[in-house]
Amino acid sequence: MNGDALAGNAVGGTVPARKVKVEFFDDVGTKHTITIDGAITKEKISRVLDYVELMGRIPNTPNNGSLRTAQQKFERIRDLLAQFQGRAFRSSDVQQAYEQIHGESIALSTVCTYLSRFVDRGVVLRSGSSAEWLYTVKPPGAFSWNNIVPK
């Protein structure tokens with residue numbers, strides 16, 4: 001493809017197809033390979049990462065520190081949601097509570113990602129617009145924490 005063809009694509013609004021490939025080994029050594037070829041969305045990536053989280057629970061080893069850290073943050077945010085039961089809140093409220101309780105910073109984008117996963121799993125309701133989402137934790141009994149992440 002020449003430069004003019006690429007420029008024409010950019011002007012015309014078409015985006016070239018993308019490819020994402022994720023490979024990992026689970027705790028019994030089975031290799032998992034997931035490939036997304038074509039239109040890639042945040043939802044698709046989130047589902048792939050959920051699968052990796054579910055299947056790739058690896059015993060503590062020096063090479064899986066980032067996976068443990070991500071799981072720890074997810075579980076900490078899950079535990080924080082009880083504080084917000086019965087009232088609307090913003091992602092920045094969760095970020096502030098996380099930083100106060102755990103004494104470490106967390107990116108707002110990370111909080112938003114995990115809240116989005118809780119919405120997808122039916123734990124949290126979201127209203128408003130992407131510029132200012134409001135979240136509400138569903139009432140007790142409307143979901144099971146056992147379906148989210150074991151405590």
# chains A, B, ... in the order shown; residues from 1 in each chain; ligands from 1
$ residues_around --residues "Ile40 in chain A" --least-positions-apart "5" --cutoff "8 Å" --atoms "only C-alpha atoms" --output "PyMOL selection string"
chain A and resi 18-19+45
$ residues_around --residues "His102 in chain A" --least-positions-apart "2" --cutoff "12 Å" --atoms "only C-alpha atoms" --output "VMD selection string"
chain A and resid 72 to 73 76 to 77 79 to 80 94 to 100 104 to 106
$ closest_residue --among "A:Ile36, A:Val48, A:Leu54, A:Val111" --to "Ser92 in chain A" --atoms "only C-alpha atoms"
A:Val111
$ closest_residue --among "A:Arg126, A:Thr30, A:Val20, A:Ala131" --to "Lys44 in chain A" --atoms "only C-alpha atoms"
A:Val20
$ residues_around --residues "Val22 in chain A" --least-positions-apart "5" --cutoff "10 Å" --atoms "only C-alpha atoms" --output "ChimeraX atom specification"
/A:32-36,48-49,52
$ residues_around --residues "Val119 in chain A" --least-positions-apart "2" --cutoff "12 Å" --atoms "only C-alpha atoms" --output "JSON, numbers by chain"
{"A": [43, 46, 78, 112, 113, 114, 115, 116, 117, 121, 122, 123, 124, 125, 126, 127, 133, 134, 135, 136, 137, 138, 143, 148]}
$ closest_residue --among "A:Glu132, A:Gln83, A:Glu53, A:Ala88" --to "Ile101 in chain A" --atoms "only C-alpha atoms"
A:Gln83
